[in-house]
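As provided, final_1.pdb (PDB, C-alpha atoms) reads as follows.
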ATOM      1  CA  MET A 278       5.490  -8.564  18.988
ATOM      2  CA  GLY A 279       1.931  -7.512  19.871
ATOM      3  CA  ASP A 280      -1.143  -7.835  17.637
ATOM      4  CA  ASP A 281      -1.131  -4.114  16.734
ATOM      5  CA  THR A 282       2.565  -4.137  15.832
ATOM      6  CA  VAL A 283       2.089  -7.240  13.663
ATOM      7  CA  LYS A 284      -1.017  -5.709  12.079
ATOM      8  CA  ASN A 285       0.859  -2.509  11.231
ATOM      9  CA  GLU A 286       3.771  -4.433   9.714
ATOM     10  CA  ALA A 287       1.370  -6.637   7.741
ATOM     11  CA  MET A 288      -0.367  -3.487   6.479
ATOM     12  CA  GLU A 289       3.024  -2.155   5.338
ATOM     13  CA  ILE A 290       3.809  -5.426   3.545
ATOM     14  CA  MET A 291       0.431  -5.352   1.782
ATOM     15  CA  GLY A 292       0.856  -1.667   0.978
ATOM     16  CA  MET A 293       3.925  -2.524  -1.104
ATOM     17  CA  CYS A 294       1.908  -4.923  -3.270
ATOM     18  CA  GLN A 295       0.321  -3.674  -6.470
ATOM     19  CA  LEU A 296      -2.237  -6.456  -6.412
ATOM     20  CA  LEU A 297      -3.666  -8.308  -3.420
ATOM     21  CA  PRO A 298      -5.542 -11.607  -3.523
ATOM     22  CA  ARG A 299      -9.306 -11.272  -3.205
ATOM     23  CA  LEU A 300      -9.384 -14.172  -0.717
ATOM     24  CA  VAL A 301      -6.835 -15.612   1.694
ATOM     25  CA  VAL A 302      -7.570 -19.113   2.973
ATOM     26  CA  PHE A 303      -5.968 -20.561   6.089
ATOM     27  CA  ASP A 304      -5.715 -24.065   7.460
ATOM     28  CA  LEU A 305      -6.269 -24.211  11.229
ATOM     29  CA  ASP A 306      -4.127 -26.878  12.921
ATOM     30  CA  TYR A 307      -0.443 -25.892  12.968
ATOM     31  CA  THR A 308      -1.155 -22.958  10.633
ATOM     32  CA  LEU A 309      -3.300 -20.524  12.657
ATOM     33  CA  TRP A 310      -2.904 -22.314  15.984
ATOM     34  CA  PRO A 311      -0.217 -24.648  17.392
ATOM     35  CA  PHE A 312      -2.231 -27.807  18.072
ATOM     36  CA  TYR A 313      -4.676 -30.352  16.615
ATOM     37  CA  CYS A 314      -8.314 -29.640  17.512
ATOM     38  CA  GLU A 315      -9.035 -33.314  18.076
ATOM     39  CA  CYS A 316      -6.510 -33.317  20.937
ATOM     40  CA  ARG A 317      -8.340 -30.540  22.767
ATOM     41  CA  SER A 318     -11.642 -29.987  24.537
ATOM     42  CA  LYS A 319     -14.258 -27.321  23.838
ATOM     43  CA  ARG A 320     -13.624 -26.110  27.395
ATOM     44  CA  ASP A 321      -9.993 -25.210  26.565
ATOM     45  CA  MET A 322      -9.013 -21.640  25.769
ATOM     46  CA  PRO A 323      -7.121 -21.772  22.475
ATOM     47  CA  ARG A 324      -4.326 -19.463  21.384
ATOM     48  CA  LEU A 325      -3.169 -18.454  17.941
ATOM     49  CA  TYR A 326       0.392 -18.335  16.666
ATOM     50  CA  PRO A 327       1.935 -14.967  17.660
ATOM     51  CA  HIS A 328       1.475 -13.246  14.252
ATOM     52  CA  ALA A 329      -1.850 -14.785  13.233
ATOM     53  CA  LYS A 330      -4.331 -12.339  14.755
ATOM     54  CA  GLY A 331      -2.464  -9.239  13.549
ATOM     55  CA  ILE A 332      -2.309 -10.677  10.025
ATOM     56  CA  LEU A 333      -6.025 -11.508  10.049
ATOM     57  CA  TYR A 334      -6.946  -7.977  11.159
ATOM     58  CA  ALA A 335      -4.648  -6.424   8.545
ATOM     59  CA  LEU A 336      -6.245  -8.508   5.774
ATOM     60  CA  LYS A 337      -9.694  -7.475   6.966
ATOM     61  CA  ASP A 338      -8.721  -3.795   7.075
ATOM     62  CA  LYS A 339      -7.327  -4.028   3.522
ATOM     63  CA  GLY A 340     -10.618  -5.492   2.288
ATOM     64  CA  VAL A 341      -9.206  -8.958   1.619
ATOM     65  CA  LYS A 342     -11.724 -11.708   2.334
ATOM     66  CA  ILE A 343     -10.705 -14.531   4.693
ATOM     67  CA  ALA A 344     -11.744 -18.204   4.743
ATOM     68  CA  ILE A 345     -10.845 -21.429   6.530
ATOM     69  CA  ALA A 346     -10.151 -24.826   4.940
ATOM     70  CA  SER A 347      -9.538 -27.508   7.548
ATOM     71  CA  ARG A 348      -9.636 -31.298   7.426
ATOM     72  CA  SER A 349     -10.246 -31.481  11.173
ATOM     73  CA  PRO A 350     -12.324 -34.469  12.292
ATOM     74  CA  THR A 351     -13.722 -32.270  15.107
ATOM     75  CA  PRO A 352     -15.422 -29.287  13.416
ATOM     76  CA  ASP A 353     -17.419 -28.606  16.581
ATOM     77  CA  ILE A 354     -14.223 -27.929  18.546
ATOM     78  CA  ALA A 355     -12.731 -25.876  15.687
ATOM     79  CA  ASN A 356     -15.860 -23.702  15.475
ATOM     80  CA  THR A 357     -15.932 -23.231  19.257
ATOM     81  CA  PHE A 358     -12.290 -22.101  19.168
ATOM     82  CA  LEU A 359     -12.951 -19.664  16.293
ATOM     83  CA  ASP A 360     -15.761 -18.163  18.410
ATOM     84  CA  LYS A 361     -13.623 -17.983  21.551
ATOM     85  CA  LEU A 362     -10.838 -16.250  19.626
ATOM     86  CA  GLY A 363     -13.261 -13.690  18.203
ATOM     87  CA  ILE A 364     -12.361 -14.332  14.569
ATOM     88  CA  LYS A 365     -15.351 -16.308  13.298
ATOM     89  CA  SER A 366     -17.175 -13.140  12.183
ATOM     90  CA  MET A 367     -14.211 -12.217   9.949
ATOM     91  CA  LEU A 368     -14.680 -15.303   7.769
ATOM     92  CA  VAL A 369     -16.614 -15.383   4.487
ATOM     93  CA  ALA A 370     -16.381 -19.191   4.363
ATOM     94  CA  GLN A 371     -15.504 -21.994   6.758
ATOM     95  CA  GLU A 372     -15.027 -25.438   5.307
ATOM     96  CA  ILE A 373     -14.139 -27.627   8.258
ATOM     97  CA  PHE A 374     -14.634 -31.350   7.687
ATOM     98  CA  SER A 375     -12.595 -34.528   7.555
ATOM     99  CA  SER A 376     -11.649 -35.486   4.019
ATOM    100  CA  TRP A 377      -9.314 -37.689   1.999
ATOM    101  CA  THR A 378      -9.168 -35.185  -0.886
ATOM    102  CA  HIS A 379      -6.311 -32.989   0.365
ATOM    103  CA  LYS A 380      -8.655 -29.998   0.561
ATOM    104  CA  THR A 381      -9.786 -29.939  -3.080
ATOM    105  CA  ASP A 382     -13.394 -30.426  -1.915
ATOM    106  CA  HIS A 383     -12.921 -27.598   0.589
ATOM    107  CA  PHE A 384     -11.753 -25.228  -2.151
ATOM    108  CA  GLN A 385     -14.517 -26.221  -4.542
ATOM    109  CA  ARG A 386     -17.041 -25.307  -1.831
ATOM    110  CA  ILE A 387     -15.253 -22.048  -1.034
ATOM    111  CA  ASN A 388     -15.205 -21.184  -4.741
ATOM    112  CA  ARG A 389     -18.948 -21.886  -5.088
ATOM    113  CA  ARG A 390     -19.759 -19.899  -1.936
ATOM    114  CA  THR A 391     -17.630 -16.832  -2.748
ATOM    115  CA  ASN A 392     -17.543 -16.902  -6.576
ATOM    116  CA  ILE A 393     -13.850 -15.992  -6.308
ATOM    117  CA  PRO A 394     -11.688 -17.726  -8.943
ATOM    118  CA  TYR A 395      -8.917 -19.996  -7.656
ATOM    119  CA  ALA A 396      -6.306 -17.770  -9.331
ATOM    120  CA  GLU A 397      -7.383 -14.895  -7.056
ATOM    121  CA  MET A 398      -6.853 -16.889  -3.848
ATOM    122  CA  LEU A 399      -3.842 -17.295  -1.551
ATOM    123  CA  PHE A 400      -3.629 -20.347   0.735
ATOM    124  CA  PHE A 401      -1.502 -21.138   3.811
ATOM    125  CA  ASP A 402      -1.145 -24.691   5.158
ATOM    126  CA  ASP A 403       1.377 -26.812   7.049
ATOM    127  CA  GLU A 404       1.061 -29.984   4.933
ATOM    128  CA  ASP A 405       2.806 -30.590   1.586
ATOM    129  CA  ARG A 406       0.002 -32.791   0.267
ATOM    130  CA  ASN A 407      -2.567 -30.011   0.724
ATOM    131  CA  ILE A 408      -0.243 -27.412  -0.817
ATOM    132  CA  ASP A 409       0.406 -29.619  -3.858
ATOM    133  CA  ALA A 410      -3.259 -30.492  -4.461
ATOM    134  CA  VAL A 411      -4.539 -26.935  -4.045
ATOM    135  CA  SER A 412      -1.688 -25.461  -6.128
ATOM    136  CA  ASN A 413      -2.796 -27.750  -8.961
ATOM    137  CA  MET A 414      -6.208 -26.048  -8.812
ATOM    138  CA  GLY A 415      -4.524 -22.707  -9.594
ATOM    139  CA  VAL A 416      -4.401 -21.327  -6.037
ATOM    140  CA  THR A 417      -1.152 -19.686  -4.914
ATOM    141  CA  SER A 418      -0.209 -21.893  -1.962
ATOM    142  CA  ILE A 419       2.423 -21.448   0.737
ATOM    143  CA  LEU A 420       3.720 -24.116   3.104
ATOM    144  CA  VAL A 421       4.250 -22.792   6.624
ATOM    145  CA  GLY A 422       6.805 -24.404   8.885
ATOM    146  CA  ASN A 423       5.882 -22.926  12.254
ATOM    147  CA  GLY A 424       2.496 -21.307  11.778
ATOM    148  CA  VAL A 425       1.568 -18.317   9.698
ATOM    149  CA  ASN A 426       3.797 -15.309  10.330
ATOM    150  CA  LEU A 427       4.907 -12.092   8.636
ATOM    151  CA  GLY A 428       7.596 -13.930   6.639
ATOM    152  CA  ALA A 429       5.028 -16.367   5.263
ATOM    153  CA  LEU A 430       2.676 -13.468   4.444
ATOM    154  CA  ARG A 431       5.477 -11.666   2.593
ATOM    155  CA  GLN A 432       6.368 -14.854   0.693
ATOM    156  CA  GLY A 433       2.727 -15.551  -0.145
ATOM    157  CA  LEU A 434       2.043 -12.061  -1.462
ATOM    158  CA  SER A 435       5.249 -12.165  -3.512
ATOM    159  CA  LYS A 436       4.305 -15.538  -5.072
ATOM    160  CA  TYR A 437       0.773 -14.287  -5.681
ATOM    161  CA  SER A 438       2.126 -11.222  -7.513
ATOM    162  CA  GLN A 439       4.441 -13.422  -9.610
ATOM    163  CA  ASN A 440       1.513 -15.679 -10.511
ATOM    164  CA  GLN A 441      -0.552 -12.687 -11.608
ATOM    165  CA  SER A 442       2.095 -11.524 -14.097
ATOM    166  CA  PRO A 443       1.577 -12.735 -17.692
ATOM    167  CA  SER A 444       4.573 -15.107 -17.476
ATOM    168  CA  GLY A 445       3.457 -16.392 -14.051
ATOM    169  CA  ARG A 446      -0.007 -17.339 -15.308
ATOM    170  CA  SER A 447       1.419 -19.601 -17.985
ATOM    171  CA  LYS A 448       3.680 -21.402 -15.493
ATOM    172  CA  ARG A 449       1.219 -21.732 -12.607
ATOM    173  CA  GLY A 450      -0.016 -25.222 -13.446
ATOM    174  CA  SER A 451       3.446 -26.735 -13.446
ATOM    175  CA  GLN A 452       4.959 -24.580 -10.735
ATOM    176  CA  ASN A 453       5.390 -26.081  -7.284
ATOM    177  CA  LEU A 454       4.851 -23.371  -4.698
ATOM    178  CA  SER A 455       5.314 -25.584  -1.677
ATOM    179  CA  LYS A 456       8.718 -24.323  -0.553
ATOM    180  CA  LYS A 457       8.774 -23.429   3.109
ATOM    181  CA  SER A 458       9.518 -19.895   4.167
ATOM    182  CA  SER A 459      13.213 -19.477   4.820
ATOM    183  CA  THR A 460      14.263 -20.077   8.393
ATOM    184  CA  SER A 461      14.714 -16.393   9.151
ATOM    185  CA  GLU A 462      11.243 -15.579   7.839
ATOM    186  CA  THR A 463       9.609 -18.559   9.527
ATOM    187  CA  GLU A 464      11.159 -17.721  12.875
ATOM    188  CA  GLU A 465       9.863 -14.103  12.880
ATOM    189  CA  GLN A 466       7.767 -13.826  16.008
TER     190      GLN A 466
END
Show the structure stored in the file as C-alpha coordinates.
Amino acid sequence: MGDDTVKNEAMEIMGMCQLLPRLVVFDLDYTLWPFYCECRSKRDMPRLYPHAKGILYALKDKGVKIAIASRSPTPDIANTFLDKLGIKSMLVAQEIFSSWTHKTDHFQRINRRTNIPYAEMLFFDDEDRNIDAVSNMGVTSILVGNGVNLGALRQGLSKYSQNQSPSGRSKRGSQNLSKKSSTSETEEQ
(Lines of atoms letter the chains of each structure in order from A and count residues from 1; the text may use other names and numbers.)
(Lines give C-alpha, C1' and ligand atoms only; values in the text may rest on other atoms or scores of the structure.)
Protein backbone atom coordinates (compact mmCIF):
# COMPACT_ATOMS: atom_id res chain seq x y z
CA MET A 1 0.00 0.00 0.00
CA GLY A 2 1.51 3.35 -1.04
CA ASP A 3 1.78 6.47 1.12
CA ASP A 4 -1.17 8.18 -0.62
CA THR A 5 -3.41 5.14 -0.25
CA VAL A 6 -2.52 4.84 3.45
CA LYS A 7 -3.03 8.58 3.92
CA ASN A 8 -6.48 8.43 2.30
CA GLU A 9 -7.52 5.46 4.45
CA ALA A 10 -6.19 7.17 7.58
CA MET A 11 -8.18 10.28 6.63
CA GLU A 12 -11.30 8.11 6.32
CA ILE A 13 -10.66 6.54 9.74
CA MET A 14 -10.22 9.98 11.31
CA GLY A 15 -13.27 11.29 9.48
CA MET A 16 -15.41 8.75 11.34
CA CYS A 17 -14.26 10.09 14.71
CA GLN A 18 -16.28 12.78 16.45
CA LEU A 19 -13.27 13.90 18.44
CA LEU A 20 -9.59 13.68 17.52
CA PRO A 21 -6.66 14.03 19.91
CA ARG A 22 -4.94 17.41 19.78
CA LEU A 23 -1.52 15.70 19.80
CA VAL A 24 -0.31 12.28 18.70
CA VAL A 25 3.06 11.20 20.09
CA PHE A 26 5.15 8.44 18.54
CA ASP A 27 8.12 6.47 19.77
CA LEU A 28 10.77 5.97 17.07
CA ASP A 29 12.53 2.60 17.35
CA TYR A 30 10.22 -0.27 16.35
CA THR A 31 7.24 2.12 16.26
CA LEU A 32 7.90 4.49 13.33
CA TRP A 33 10.90 2.60 11.96
CA PRO A 34 12.01 -1.05 12.18
CA PHE A 35 15.39 -0.72 13.91
CA TYR A 36 17.27 0.77 16.88
CA CYS A 37 19.04 4.05 16.06
CA GLU A 38 22.08 3.07 18.09
CA CYS A 39 22.66 0.13 15.72
CA ARG A 40 22.84 2.42 12.69
CA SER A 41 25.09 5.12 11.28
CA LYS A 42 24.17 8.67 10.30
CA ARG A 43 25.26 7.72 6.78
CA ASP A 44 22.50 5.09 6.50
CA MET A 45 19.26 5.86 4.69
CA PRO A 46 16.46 4.94 7.09
CA ARG A 47 13.02 3.68 6.16
CA LEU A 48 9.73 3.91 7.99
CA TYR A 49 7.23 1.13 8.56
CA PRO A 50 4.95 0.88 5.49
CA HIS A 51 1.98 2.82 6.97
CA ALA A 52 3.89 5.38 9.03
CA LYS A 53 4.40 8.18 6.51
CA GLY A 54 0.80 8.08 5.23
CA ILE A 55 -0.49 8.23 8.81
CA LEU A 56 1.78 11.16 9.66
CA TYR A 57 0.61 13.13 6.61
CA ALA A 58 -3.05 12.37 7.36
CA LEU A 59 -2.66 13.62 10.95
CA LYS A 60 -1.00 16.78 9.68
CA ASP A 61 -3.75 17.38 7.11
CA LYS A 62 -6.41 16.93 9.82
CA GLY A 63 -4.70 19.54 11.99
CA VAL A 64 -3.53 17.07 14.63
CA LYS A 65 -0.16 18.00 16.11
CA ILE A 66 2.62 15.39 16.08
CA ALA A 67 5.49 14.81 18.53
CA ILE A 68 8.24 12.28 19.20
CA ALA A 69 9.13 10.69 22.55
CA SER A 70 12.16 8.43 22.28
CA ARG A 71 14.57 7.02 24.85
CA SER A 72 17.26 6.57 22.20
CA PRO A 73 20.82 6.92 23.49
CA THR A 74 21.77 8.35 20.06
CA PRO A 75 19.61 11.46 19.54
CA ASP A 76 22.03 12.72 16.88
CA ILE A 77 21.31 9.69 14.68
CA ALA A 78 17.56 9.91 15.37
CA ASN A 79 17.48 13.59 14.38
CA THR A 80 19.52 12.92 11.24
CA PHE A 81 17.05 10.18 10.25
CA LEU A 82 14.04 12.45 10.88
CA ASP A 83 15.67 15.01 8.56
CA LYS A 84 16.48 12.43 5.88
CA LEU A 85 12.90 11.15 5.96
CA GLY A 86 11.51 14.66 5.58
CA ILE A 87 9.29 14.50 8.65
CA LYS A 88 11.17 16.66 11.16
CA SER A 89 9.29 19.81 10.10
CA MET A 90 5.97 18.12 10.92
CA LEU A 91 6.84 17.83 14.61
CA VAL A 92 5.78 20.31 17.31
CA ALA A 93 8.05 18.60 19.86
CA GLN A 94 10.90 16.11 19.81
CA GLU A 95 12.01 14.66 23.10
CA ILE A 96 14.80 12.27 22.23
CA PHE A 97 17.08 11.35 25.13
CA SER A 98 18.10 8.30 27.12
CA SER A 99 16.12 7.95 30.33
CA TRP A 100 15.22 5.50 33.08
CA THR A 101 11.78 7.09 33.61
CA HIS A 102 9.81 5.14 30.98
CA LYS A 103 9.09 8.37 29.09
CA THR A 104 7.36 10.28 31.90
CA ASP A 105 10.05 12.98 31.65
CA HIS A 106 9.54 13.09 27.88
CA PHE A 107 5.81 13.69 28.30
CA GLN A 108 6.27 16.31 30.99
CA ARG A 109 8.50 18.24 28.57
CA ILE A 110 6.07 17.78 25.69
CA ASN A 111 3.23 18.99 27.92
CA ARG A 112 5.20 22.10 28.96
CA ARG A 113 6.22 22.84 25.37
CA THR A 114 2.77 22.40 23.79
CA ASN A 115 0.44 23.23 26.71
CA ILE A 116 -1.69 20.28 25.60
CA PRO A 117 -3.19 18.32 28.52
CA TYR A 118 -2.23 14.65 28.79
CA ALA A 119 -5.89 13.65 28.37
CA GLU A 120 -5.85 15.20 24.88
CA MET A 121 -2.86 13.14 23.71
CA LEU A 122 -2.59 9.76 21.98
CA PHE A 123 0.67 7.78 22.23
CA PHE A 124 2.07 4.83 20.24
CA ASP A 125 5.00 2.75 21.51
CA ASP A 126 6.35 -0.79 21.25
CA GLU A 127 7.25 -1.27 24.94
CA ASP A 128 4.79 -2.23 27.70
CA ARG A 129 6.70 -0.32 30.37
CA ASN A 130 6.38 2.95 28.44
CA ILE A 131 2.69 2.33 27.71
CA ASP A 132 1.95 1.62 31.38
CA ALA A 133 3.85 4.64 32.72
CA VAL A 134 2.41 7.10 30.20
CA SER A 135 -1.13 5.69 30.56
CA ASN A 136 -0.88 6.45 34.29
CA MET A 137 -0.30 10.10 33.36
CA GLY A 138 -3.70 10.16 31.63
CA VAL A 139 -2.48 9.73 28.04
CA THR A 140 -4.35 7.25 25.84
CA SER A 141 -1.57 4.80 24.97
CA ILE A 142 -1.43 2.00 22.42
CA LEU A 143 1.13 -0.80 22.26
CA VAL A 144 2.18 -1.60 18.70
CA GLY A 145 3.41 -5.06 17.82
CA ASN A 146 4.94 -4.47 14.40
CA GLY A 147 5.18 -0.72 14.00
CA VAL A 148 2.42 1.81 13.70
CA ASN A 149 -0.16 0.90 11.07
CA LEU A 150 -3.78 1.64 10.15
CA GLY A 151 -5.06 -0.98 12.62
CA ALA A 152 -3.14 0.64 15.47
CA LEU A 153 -4.42 4.08 14.40
CA ARG A 154 -8.00 2.79 14.37
CA GLN A 155 -7.52 1.19 17.80
CA GLY A 156 -5.90 4.32 19.21
CA LEU A 157 -8.63 6.65 17.99
CA SER A 158 -11.30 4.29 19.32
CA LYS A 159 -9.64 4.15 22.78
CA TYR A 160 -9.18 7.91 22.73
CA SER A 161 -12.90 8.41 21.99
CA GLN A 162 -13.83 5.99 24.80
CA ASN A 163 -11.58 7.89 27.21
CA GLN A 164 -13.21 11.18 26.27
CA SER A 165 -16.70 9.93 27.15
CA PRO A 166 -17.88 10.78 30.70
CA SER A 167 -17.61 7.13 31.82
CA GLY A 168 -14.18 6.76 30.17
CA ARG A 169 -12.73 9.74 32.04
CA SER A 170 -13.57 8.23 35.41
CA LYS A 171 -11.94 4.90 34.50
CA ARG A 172 -8.83 6.22 32.76
CA GLY A 173 -6.52 6.11 35.77
CA SER A 174 -7.16 2.45 36.46
CA GLN A 175 -7.59 1.32 32.88
CA ASN A 176 -4.72 -0.51 31.22
CA LEU A 177 -4.63 0.42 27.55
CA SER A 178 -1.58 -1.62 26.68
CA LYS A 179 -3.29 -4.39 24.71
CA LYS A 180 -1.65 -4.98 21.36
CA SER A 181 -3.62 -4.47 18.20
CA SER A 182 -5.21 -7.72 17.11
CA THR A 183 -3.13 -9.77 14.72
CA SER A 184 -5.24 -8.87 11.70
CA GLU A 185 -4.96 -5.16 12.47
CA THR A 186 -1.26 -5.33 13.28
CA GLU A 187 -0.47 -7.18 10.07
CA GLU A 188 -2.19 -4.59 7.83
CA GLN A 189 0.51 -3.39 5.47
Report as a list in words all protein, DNA and RNA residues lying within 7 Å of Ala346 in chain A, evaluated on all atoms listed in the file, omitting residues in the same chain fewer than 2 positions from it.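 Contacts, with the query itself left out: Val302, Phe303, Asp304, Ala344, Arg348, Gln371, Glu372, Ile373, Lys380 and His383 of chain A.
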Å distance separating CA of Ile354 in chain A from CA of Cys314 in chain A, one decimal place: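 CA of Cys314 in chain A lies 6.2 Å from CA of Ile354 in chain A.
The residues returned by the PyMOL selection byres ((chain A and resi 306) around 9) for this structure are A:Asp304, A:Leu305, A:Tyr307, A:Thr308, A:Leu309, A:Trp310, A:Pro311, A:Phe312, A:Tyr313, A:Cys314, A:Ser347, A:Arg348, A:Ser349, A:Asp402, A:Asp403, A:Gly424.
Put simply, CA of Lys342 in chain A is 26.1 Å away from CA of Trp377 in chain A.
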Report, in Å with one decimal, the straight-line distance from CA of Glu289 in chain A to CA of Leu427 in chain A. 10.6 Å
Name the residues that the PyMOL selection byres ((chain A and resi 400) around 10) pulls out of this structure, and write them as a PDB file with C-alpha atoms, in the coordinates of the input.
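The resulting file, out38.pdb, is shown below:
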ATOM      1  CA  PRO A 298      -5.542 -11.607  -3.523  1.00  0.00           C
ATOM      2  CA  LEU A 300      -9.384 -14.172  -0.717  1.00  0.00           C
ATOM      3  CA  VAL A 301      -6.835 -15.612   1.694  1.00  0.00           C
ATOM      4  CA  VAL A 302      -7.570 -19.113   2.973  1.00  0.00           C
ATOM      5  CA  PHE A 303      -5.968 -20.561   6.089  1.00  0.00           C
ATOM      6  CA  ASP A 304      -5.715 -24.065   7.460  1.00  0.00           C
ATOM      7  CA  ILE A 343     -10.705 -14.531   4.693  1.00  0.00           C
ATOM      8  CA  ALA A 344     -11.744 -18.204   4.743  1.00  0.00           C
ATOM      9  CA  ILE A 345     -10.845 -21.429   6.530  1.00  0.00           C
ATOM     10  CA  ALA A 346     -10.151 -24.826   4.940  1.00  0.00           C
ATOM     11  CA  PHE A 384     -11.753 -25.228  -2.151  1.00  0.00           C
ATOM     12  CA  TYR A 395      -8.917 -19.996  -7.656  1.00  0.00           C
ATOM     13  CA  MET A 398      -6.853 -16.889  -3.848  1.00  0.00           C
ATOM     14  CA  LEU A 399      -3.842 -17.295  -1.551  1.00  0.00           C
ATOM     15  CA  PHE A 401      -1.502 -21.138   3.811  1.00  0.00           C
ATOM     16  CA  ASP A 402      -1.145 -24.691   5.158  1.00  0.00           C
ATOM     17  CA  ASN A 407      -2.567 -30.011   0.724  1.00  0.00           C
ATOM     18  CA  ILE A 408      -0.243 -27.412  -0.817  1.00  0.00           C
ATOM     19  CA  VAL A 411      -4.539 -26.935  -4.045  1.00  0.00           C
ATOM     20  CA  SER A 412      -1.688 -25.461  -6.128  1.00  0.00           C
ATOM     21  CA  VAL A 416      -4.401 -21.327  -6.037  1.00  0.00           C
ATOM     22  CA  THR A 417      -1.152 -19.686  -4.914  1.00  0.00           C
ATOM     23  CA  SER A 418      -0.209 -21.893  -1.962  1.00  0.00           C
ATOM     24  CA  ILE A 419       2.423 -21.448   0.737  1.00  0.00           C
ATOM     25  CA  LEU A 420       3.720 -24.116   3.104  1.00  0.00           C
ATOM     26  CA  GLY A 433       2.727 -15.551  -0.145  1.00  0.00           C
ATOM     27  CA  TYR A 437       0.773 -14.287  -5.681  1.00  0.00           C
TER      28      TYR A 437
END
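Remark: for Arg431 in chain A, the closest of the candidate residues A:Met322, A:Ile387, A:Ile364, A:Ile290 is A:Ile290 (distances computed over only C-alpha atoms).
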Name all residues at most 7 Å from range 328-333 of chain A (count only C-alpha atoms; drop same-chain ones fewer than 2 positions away) and give them as number ranges by chain. A: 280-281, 283-284, 287, 309, 325-326, 335-337, 425-427, 466
Hey, which of A:Ser375, A:Gly363, A:Ser438, A:Met291 ends up closest to Ala396 in chain A? Count all atoms listed in the file. A:Ser438
Pull the neighbourhood of (-13.1, -10.3, -7.2) for me: all residues within 9 Å in file coordinates, counting all atoms listed in the file, as a count of residues only. 7
So, counting all atoms listed in the file, which residue among A:Ser318, A:Pro350, A:Lys339, A:Pro323 is closest to Gly292 in chain A?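 Closest to Gly292 in chain A of all the choices is A:Lys339.
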For Met414 in chain A, the closest of A:His379, A:Arg390, A:Lys361, A:Arg320 counting only C-alpha atoms is A:His379
Let me have the centre and edge lengths of the axis-aligned box enclosing all listed atoms of range 380-395 of chain A with 5 Å padding on every side, in Å to one decimal, as AutoDock Vina command-line options.
--center_x -14.2 --center_y -23.2 --center_z -4.2 --size_x 21.1 --size_y 24.4 --size_z 19.5
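Nearest to Asn388 in chain A of all the residues A:Glu315, A:Phe358, A:Val369, A:Met293 is A:Val369, based on all atoms listed in the file.
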Counting all atoms listed in the file, which residue out of A:Leu297, A:Ala410, A:Leu362, A:Cys316 sits closest to Asp382 in chain A?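 Under the stated criterion, the closest residue is A:Ala410.
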